[in-house]
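Enquirer: Handing you this structure, nothing more for now.
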Amino acid sequence: MDAWLEVLGAGGLVMVQDAGRMGLMHQGVPPGGALVPEWLAAANRAVGNVWSAAALECYGRVELRLHGRGAWVSVGGQAFRVEAGGHFTVLAPEAGVVRYAAVEGGLDVPEVLGGRGTLPVARLGGLEGRVLKGGDVLPLGAGGGAREAPGPELPLESEVRVVLGPDLGRFGADAVEVLLEGDFTVSPTSDRVGMRLRGPALPQADEGSGLSGPMVRGALQVPASGEIIVLGPDHPTMGGYPVLGVVIRADWGCLAARRPGAPVRFLAVSVEEARELWRLHAPVYGAAPASSG
Amino acid sequence: MAECLLNIDLGELPEEDERLYASAQVANIACGGHAGDERSMRRALEACARHGTRAGAHPSFEDRANFGRQELQVAPEELRAQVAAQCARLVALASEVGVPVRYAKPHGALYHAANRDPALARAVVEGVVEALGPGITFLGPGSGALREAARAAGLSYAREGFADRGTRPDGSLIPRGQPGAVLSDPVVARENALRLALGGTVDTLCVHGDSPGAVDMAREVRAVLEVLALRSESLGEGALRLVLPARLERRAVLESLKAEPGVVDVVVGEEHACVYFDPVAPPEDPRRVLGRLAVAPALKEEPPLVTVRVRYDGPDLEAVAERVGLSVDDVALLHASREYTVRSMGFLPGFAYLGEVDGRIAVPRLATPRPRVPAFSVGLAGRRTGIYPFASPGGWNLIGTAVDFTAFQPGSGALLRLGDRLLFERVD
């Protein structure tokens, strides 16, 4: 290991994340990947990495030191140069719930099942499958790519677009109206598995006895309480609660980035519109994005 | 994809196999022209009622000697009256039996003659409408005089393809009497059905009730058509969910869908299959893939059998025993006394839903899930059991602990696969 990053101290959750693992949901492995893929992409591109390189997903303040060589480093898409032995700080996130810190060359932790990101529920990926703590060291890959300016800002207040269904029949008749007219806020009990929303309860007409069915990131799962859970990157691959709608892929990041208390309003779009919106959104990643999910 | 229905010509033979009515979605009932009498019509209508099969009239040239397969010279006005009379006989009996007659299809030589001659076609359509009314669907050739006449009369029209007839390379039927004209092999009939139903030029498929092997062919054709008609729902713009019929083998579904170009992942639950893909590059309709699966079932090898040793020491074991009125020992014994199959994989990496649990120890999920279930706990919920591969929240009743068992390894993934078999062995 000729170059590495040392975690000096973490004031909140911090872990290695990348673009996730595709194609393993049939084994129960969720897609994973950055909570806010657009911000991971911006952080990586600012230091000349491919958008999907492994970087730090920081939920609080993190102190870091670079060893072995100087490198470009970016925090929140802003790049700066750090010399060998130099120390830098990732401030606690303010605009959103996370910040990404990328280092030129990426974090060269072992690839597990096709990804380097941490999947805490299965204790795999990242560094020993866990969140990081002071004293951890992370090897760095080879850098030298062309650095790029950050893309457009992620709109954190825009309406969140959803494709309705498929379980509309398992809800009360006015559930769609409540969803589309209601003012929701992000609940503090949100994590990478799911984001809970506070707001009007969605009328459910379900006995709750259904067998578990396939799930997807962005699914609006509604348990009997009527509360919405938006499935995140580490969602269970199967679930038994009915799905009222699915957040479109182009809006996964701009919803997941929101802090507890932030407002959320929904707007329904068709599958065709959602596909077109994804086509327009994908260049945010630079190179063609992996269709994680 | 509009549903393509299987129609079968019935009520023609004295020794008719009733299974044909179970396979048919529309029964074209012979009404005296080429075959059929009051007794056979009544029997056919009653079979339709028993199987929920839709009834249709199957008028013909009046030629019982040749089974309606020889072309006769009949004036249009006379033909109209003959067709109307045949259909009216069926309708009269149908109203006694309580089965509506909503379809009509000319038989044999009349089918072909009328399709060539607009005047005959008009006569057939008018005769049918006179007896059955204008609310029916007319089954007939993909193009020709019959379709024109039915359209002109405002009838709905279903273009018919023949699953049990051989075709020439140009798609036309091999005439009866020539080699390969009538098929009897269910596999060939299924392939025919799939090709025709997917071609977009037919709305209904026919199997002749008097073909040798008709029962098997009809069953297979119906299976293909049912898969093609499965409900498919968007789960967002990058996933499609299908409701699976019970008879499709889950492992074969998983493997065949995964192999499809453009499919990124597949999750097969107990009721659904879901394919995941790049939203701007959706794969072929998964129903077509499954339709082909029905045609060419995957070679079946015996799924692996895994034995897992279990200590029956779970915190809910006593409560489960009490609830089902058995001793703790009996619960353990019943749990460990049968072979389970992996019904689906999911929830956590490597978690297998195993069934069927003995009904005598089936208990509902906990009212309040535990915030933390230890890794390797053996849980019970309804007719399913499973081993938690990792510590996690969970609502299953914990009855034991798996010994020396690793459900999931970062290097190799899940130990168990859909369809695998598992035995629990009790240890102390």
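The way I read the labels, and the way they are meant: chains A, B, ... in the order of the structure tokens, residue 1 as the first residue of every chain, and ligand 1 as the first ligand shown, with later ones counted on from there.
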Specify as a ChimeraX atom specification all residues of chain A found within 6 Å of chain B, counting only C-alpha atoms.
Expert: /A:23,26-29,163,166,213-214,236-238,246,271,275,291
Enquirer: Write out as a compact mmCIF listing (two decimals) with N, CA and C atoms, in the first residue's frame each polymer residue whose atoms come within 10 Å of region 320-326 of chain B, counting only C-alpha atoms; drop sequence neighbours fewer than 5 positions from it.
Expert:
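Below you can see out.txt, which holds the result:
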# COMPACT_ATOMS: atom_id res chain seq x y z
N PRO B 315 -36.39 -18.44 21.68
CA PRO B 315 -37.16 -17.78 22.74
C PRO B 315 -38.68 -17.91 22.56
N VAL B 331 -43.21 -29.91 18.61
CA VAL B 331 -43.00 -28.81 17.66
C VAL B 331 -41.66 -29.02 16.95
N ALA B 332 -40.63 -29.33 17.74
CA ALA B 332 -39.30 -29.56 17.15
C ALA B 332 -39.34 -30.74 16.18
N GLY B 359 -48.89 -27.90 8.85
CA GLY B 359 -49.98 -27.05 9.29
C GLY B 359 -50.20 -27.09 10.80
N ARG B 360 -49.78 -28.18 11.45
CA ARG B 360 -50.02 -28.30 12.90
C ARG B 360 -49.14 -27.36 13.71
N ILE B 361 -48.07 -26.83 13.10
CA ILE B 361 -47.23 -25.88 13.85
C ILE B 361 -47.17 -24.50 13.17
N ALA B 362 -48.12 -24.26 12.25
CA ALA B 362 -48.16 -22.95 11.59
C ALA B 362 -48.71 -21.90 12.55
N VAL B 363 -47.96 -20.84 12.75
CA VAL B 363 -48.40 -19.75 13.65
C VAL B 363 -48.15 -18.41 12.94
N PRO B 364 -48.99 -17.41 13.25
CA PRO B 364 -48.79 -16.11 12.58
C PRO B 364 -47.51 -15.41 13.07
N LEU B 380 -40.25 -19.01 12.28
CA LEU B 380 -41.46 -19.68 11.82
C LEU B 380 -42.51 -18.59 11.62
N ASN B 397 -41.45 -16.05 14.51
CA ASN B 397 -41.33 -16.73 15.81
C ASN B 397 -40.02 -17.51 15.82
N LEU B 398 -39.18 -17.25 16.83
CA LEU B 398 -37.86 -17.88 16.85
C LEU B 398 -37.94 -19.18 17.64
N ILE B 399 -37.67 -20.29 16.94
CA ILE B 399 -37.80 -21.59 17.61
C ILE B 399 -36.47 -22.31 17.78
Enquirer: Could you please determine the separation between CA of Arg69 (chain A) and CA of Ala84 (chain A) in Å, to one decimal place?
Expert: 4.4 Å
Enquirer: Find, counting only C-alpha atoms, the residue in A:Gly68, A:Gly12, A:Gly151, A:Gly145 that gets nearest to Gly106 (chain A).
Expert: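 The shortest atom-to-atom distance to Gly106 (chain A) comes from A:Gly145.
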Enquirer: Do you have the CA of Ser143 (chain B)-CA of Gly32 (chain B) distance handy?
Expert: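 So the answer is 26.8 Å.
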Enquirer: Measure the distance from CA of Pro106 (chain B) to CA of Arg219 (chain B) in Å and round it to one decimal.
Expert: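 Interatomic distance, CA of Pro106 (chain B) to CA of Arg219 (chain B): 23.4 Å.
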Enquirer: Just asking: which residues within region 26-262 of chain A are helix (DSSP H, G or I) according to DSSP, as a compact mmCIF listing (two decimals) with C-alpha atoms, in the first residue's frame?
Expert:
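Below you can see result.txt, which holds the result:
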# COMPACT_ATOMS: atom_id res chain seq x y z
CA HIS A 26 -32.30 -12.72 -6.64
CA GLN A 27 -29.90 -13.72 -3.85
CA PRO A 37 -25.59 9.10 -6.62
CA GLU A 38 -25.44 12.54 -8.24
CA TRP A 39 -23.29 13.84 -5.37
CA LEU A 40 -21.01 10.81 -5.49
CA ALA A 41 -20.61 11.47 -9.22
CA ALA A 42 -19.81 15.16 -8.66
CA ALA A 43 -17.25 14.34 -5.95
CA ASN A 44 -15.51 11.75 -8.14
CA ARG A 45 -15.51 13.78 -11.34
CA ALA A 46 -13.99 16.75 -9.52
CA PRO A 120 -23.99 -2.91 6.65
CA VAL A 121 -27.01 -5.28 6.78
CA ALA A 122 -24.84 -8.09 5.38
CA LEU A 168 -53.44 0.62 -6.14
CA GLY A 169 -56.12 -2.01 -5.54
CA ARG A 170 -54.77 -2.60 -2.04
CA ALA A 175 -55.08 7.18 -1.44
CA VAL A 176 -53.70 8.65 -4.68
CA GLU A 177 -55.34 11.97 -3.91
CA VAL A 178 -53.88 12.01 -0.39
CA LEU A 179 -50.44 11.22 -1.81
CA LEU A 180 -50.54 13.89 -4.51
CA GLU A 181 -52.24 16.61 -2.45
CA ARG A 249 -34.98 7.07 -10.90
CA ALA A 250 -34.13 10.66 -11.85
CA ASP A 251 -35.46 11.77 -8.43
CA TRP A 252 -33.95 9.06 -6.19
CA GLY A 253 -31.05 11.34 -5.25
CA CYS A 254 -32.93 14.59 -4.79
CA LEU A 255 -35.33 12.90 -2.37
CA ALA A 256 -32.77 10.82 -0.47
Enquirer: Residues within 10 Å of Ala35 (chain B), please, as a list of chain:residue names. Count only C-alpha atoms; anything in the same chain fewer than 5 positions from it doesn't count.
Expert: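 The neighbour list is B:Leu10, B:Gly11, B:Glu12, B:Leu13, B:Pro14, B:Ile29, B:Ala30, B:Ser40, B:Met41, B:His58, B:Pro59, B:Ser60, B:Glu62, B:Asp63, B:Arg64, B:Ala65, B:Asn66, B:Phe67, B:Gly68.
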Enquirer: Determine which residues of region 31-275 of chain A receive a DSSP assignment of strand (DSSP E or B), computed from the backbone, and state them as JSON, numbers by chain.
Expert: {"A": [55, 56, 57, 58, 62, 63, 64, 65, 66, 67, 71, 72, 73, 74, 75, 78, 79, 80, 81, 82, 87, 88, 89, 90, 99, 100, 101, 102, 103, 107, 112, 115, 119, 124, 127, 130, 137, 138, 139, 140, 160, 161, 162, 163, 164, 171, 184, 185, 186, 194, 195, 196, 197, 198, 204, 213, 214, 219, 220, 221, 228, 229, 230, 231, 238, 239, 243, 244, 245, 246, 247, 263, 264, 266, 267, 268]}
